[in-house]
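Chemist: Pasting a structure below so you can have a look.
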Amino acid sequence: MKIIYFGSSKFSLIVLENLCRAGFVPALIVSQPDKPKGRGLKSNPTEVSEYAQKTNIALIKPSSLKSGKVINEIAGFAADLFIIADYGKILPKELLSLPKIAPLGVHPSLLPAYRGPAPINWALINGDKETGVSIFKMNEGLDTGDVVLQKKIPINDADNAYTLHAKLAIEGVKVLIEAIPGLKKCICALKPQSEEFSSFAPKLAKEDGKINWGTEAIRIRNLVRATLGWPSAYAYYKNKMIKIIDSEVIFEQPQNKPSIIDRIDKEGIYVSTTRNLLKIKRLKPQGKNEMDAYSFVIGHKVAVGDKFE
RNA sequence: CGCGGGGUGGAGCAGCCAGGUAGCUCGCAAGGCUCAUAACCUUGAGGUCAACGGUUCAAAUCCGUUCCCCGCAA
């Protein structure tokens with residue numbers, strides 16, 4: 001079984017690692033070109049590229065998949081299967097027809113729900129109780145191909161963007177491996193996705209992390225766990241940006257207007273919302289390391305009645 | 001060389017601009033008060049003020065260099 005793997009992100013890396021561990025080592029890895037990121041804007045390889053270099057698997061990072069040169073190079077591998085997980089670009093028709101069996105996508109949602117780049121985050125923002133992974137036959141659309149196999153995964157109360165990413169990536173590989181043996185047979189009998197029930201999960205913007213205090217505590221907490229890592233749920237305290245790392249809903253009626261600090265103890269800072277209190281447990285002030293909410297209180301003389309914005 | 005914040009006892013901060021015996025809140029230890037306590041009172045331990053060099057009678061503080069952490073931006 002000759003596999004070509006397309007991927008870029010952390011999610012993709014976990015899928016790739018587990019795939020290799022299971023014995024499906026790709027003949028070629030295709031990732032996004034190095035991009036300037038981080039402090040100093042240095043050009044850095046994607047996590048998948050790094051892995052390829054570390055393990056000495058052939059790697060290409062084309063800036064475009066449409067050039068004849070790139071297509072020829074990929075065609076030269078005569079692959080049986082493409083596996084595409086969070087690659088970041090749509091594959092053109094010429095490429096999709098190359099693999100002998102099929103181009104397979106791994107997507108961390110129950111398609112046709114949450115098509116697009118940020119399905120995990122949006123499932124958390126919306127407070128969903130379950131999500132899942134889908135293995136589908138890639139076509140020219142954005143996560144619109146016929147579904148081969150799906151698995152539902154419950155979302156626990158303790159889950160956040162990190163844990164759910166990891167969980168879905170690991171489950172995704174399992175389902176993928178399960179799907180491979182019977183592929184040839186089932187690939188022609190697939191049913192198309194229902195357009196009627198489809199939804200789109202757009203990429204998150206910095207602004208999506210901004211906390212709106214004029215809502216229920218539960219929704220703010222969902223935002224906190226959904227955006228952990230990036231872009232992070234944030235608010236302003238005395239004109240400084242504070243990212244909320246960990247929070248909890250306290251089922252008590254707030255004594256103050258939304259965004260006012262209702263109570264403080266060693267466990268955290270309790271902020272009023274339109275319904276219930278939001279307990280901030282860990283946070284990260286602008287330019288500082290992450291810390292317990294109480295440490296922040298101690299160093300910054302935070303008082304009951306102070307306001308977040 | 002993209003822009004910016006920061007490195008001060010275990011934690012979070014003040015002090016730096018206008019150099020002159022290291023401070024605050026918390027934690028920790030011991031003692032006290034108390035039926036009792038995470039509450040309160042008293043006492044105490046713990047710091048080469050990131051590193052190196054310079055200026056000075058004197059540097060956490062001024063000047064220079066280096067290392068490390070973080071935010072923005074992507």
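Letters A, B, ... go to the chains of the structure tokens in the order shown; residues in each chain start at 1; ligands are counted from 1 in the same order.
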Hey, could you make a per-residue contact list for chain B against chain A with 9 Å as the cut-off, showing the nearest pair of atoms and its distance in Å to one decimal, counting only C-alpha atoms (C1' of nucleotides), sorted by chain and number, as a tab-separated table?

Modeler:
residue	atom	partner	partner_atom	distance
B:C1	C1'	A:Gly40	CA	8.7
B:G2	C1'	A:Gly40	CA	6.8
B:G4	C1'	A:Gly287	CA	9.0
B:G5	C1'	A:Gly287	CA	5.0
B:G6	C1'	A:Gly287	CA	6.6
B:A11	C1'	A:Ser295	CA	6.5
B:G12	C1'	A:Gly299	CA	4.2
B:C13	C1'	A:Gly299	CA	4.3
B:C24	C1'	A:Gly299	CA	8.9
B:U25	C1'	A:Ile298	CA	5.5
B:C26	C1'	A:Ile298	CA	6.5
B:C69	C1'	A:Asn289	CA	7.6
B:C70	C1'	A:Gly287	CA	4.5
B:G71	C1'	A:Gly287	CA	4.6
B:A73	C1'	A:Gly38	CA	8.6
B:A74	C1'	A:Lys37	CA	5.4

Chemist: Which polymer residues have any atom within 12 Å of an atom of A29 (chain B), counting only C-alpha atoms (C1' of nucleotides), with same-chain residues fewer than 5 positions away left out, as an MDAnalysis selection string?

Modeler: chainID B and resid 43:46

Chemist: Just N, CA, C and O atoms (P, O5', C5', C4', C3', O3' and C1' of nucleotides) for this one: save the residues we selected as a PDB file, in the first residue's frame.

Modeler:
ATOM      1  P     U B  43       5.903  41.483  65.197  1.00  0.00           P
ATOM      2  O5'   U B  43       6.880  40.226  65.239  1.00  0.00           O
ATOM      3  C5'   U B  43       7.728  40.030  66.360  1.00  0.00           C
ATOM      4  C4'   U B  43       8.323  38.649  66.308  1.00  0.00           C
ATOM      5  C3'   U B  43       9.140  38.329  65.061  1.00  0.00           C
ATOM      6  O3'   U B  43      10.455  38.846  65.129  1.00  0.00           O
ATOM      7  C1'   U B  43       7.699  36.523  65.531  1.00  0.00           C
ATOM      8  P     G B  44      11.220  39.152  63.754  1.00  0.00           P
ATOM      9  O5'   G B  44      11.527  37.688  63.204  1.00  0.00           O
ATOM     10  C5'   G B  44      12.360  36.792  63.952  1.00  0.00           C
ATOM     11  C4'   G B  44      12.357  35.439  63.285  1.00  0.00           C
ATOM     12  C3'   G B  44      12.866  35.414  61.848  1.00  0.00           C
ATOM     13  O3'   G B  44      14.275  35.345  61.828  1.00  0.00           O
ATOM     14  C1'   G B  44      10.880  34.134  62.009  1.00  0.00           C
ATOM     15  P     A B  45      15.068  35.802  60.504  1.00  0.00           P
ATOM     16  O5'   A B  45      15.016  34.489  59.599  1.00  0.00           O
ATOM     17  C5'   A B  45      15.637  33.278  60.041  1.00  0.00           C
ATOM     18  C4'   A B  45      15.257  32.161  59.096  1.00  0.00           C
ATOM     19  C3'   A B  45      15.628  32.424  57.637  1.00  0.00           C
ATOM     20  O3'   A B  45      16.958  32.017  57.390  1.00  0.00           O
ATOM     21  C1'   A B  45      13.379  31.687  57.776  1.00  0.00           C
ATOM     22  P     G B  46      17.891  32.921  56.475  1.00  0.00           P
ATOM     23  O5'   G B  46      17.225  32.717  55.043  1.00  0.00           O
ATOM     24  C5'   G B  46      17.217  31.427  54.403  1.00  0.00           C
ATOM     25  C4'   G B  46      16.309  31.479  53.209  1.00  0.00           C
ATOM     26  C3'   G B  46      16.616  32.625  52.251  1.00  0.00           C
ATOM     27  O3'   G B  46      17.611  32.250  51.325  1.00  0.00           O
ATOM     28  C1'   G B  46      14.293  32.571  52.726  1.00  0.00           C
TER      29        G B  46
END

Chemist: Using only C-alpha atoms, which residue out of A:Lys93, A:Lys240, A:Lys191, A:Lys307 lies closest to Tyr270 (chain A)?

Modeler: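 Looking only at the distances to Tyr270 (chain A), the closest residue turns out to be A:Lys307.
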
Chemist: Could you tell me, as a list in words, which residues of region 11-109 of chain A DSSP assigns to strand (DSSP E or B) when given the backbone?

Modeler: Leu28, Ile29, Val30, Lys35, Pro36, Lys37, Lys42, Ser43, Asn44, Ala58, Leu59, Ile60, Leu81, Phe82, Ile83, Ile84, Ala85, Ala102, Pro103, Leu104, Gly105, Val106 and His107 of chain A

Chemist: Can you spit out the residues from that selection as a tab-separated table (two decimals), in the first residue's frame, using C-alpha atoms?

Modeler:
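Contents of selection-v2.tsv, as written:
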chain	number	residue	atom	x	y	z
A	28	LEU	CA	5.78	10.97	0.40
A	29	ILE	CA	4.57	13.80	2.60
A	30	VAL	CA	3.16	16.96	1.12
A	35	LYS	CA	5.89	30.50	6.58
A	36	PRO	CA	7.17	33.40	8.59
A	37	LYS	CA	5.70	33.15	12.04
A	42	LYS	CA	11.36	33.86	11.03
A	43	SER	CA	10.35	31.34	8.46
A	44	ASN	CA	9.38	28.09	10.13
A	58	ALA	CA	10.39	12.28	1.42
A	59	LEU	CA	8.86	15.74	1.70
A	60	ILE	CA	7.71	18.40	-0.70
A	81	LEU	CA	-3.98	6.14	-1.59
A	82	PHE	CA	-3.90	9.80	-0.68
A	83	ILE	CA	-4.59	10.72	2.89
A	84	ILE	CA	-5.42	14.35	3.47
A	85	ALA	CA	-5.75	15.76	6.98
A	102	ALA	CA	-8.98	7.00	-3.65
A	103	PRO	CA	-8.00	10.31	-2.12
A	104	LEU	CA	-9.21	10.09	1.48
A	105	GLY	CA	-9.89	13.02	3.76
A	106	VAL	CA	-9.89	12.91	7.55
A	107	HIS	CA	-12.11	15.58	9.06
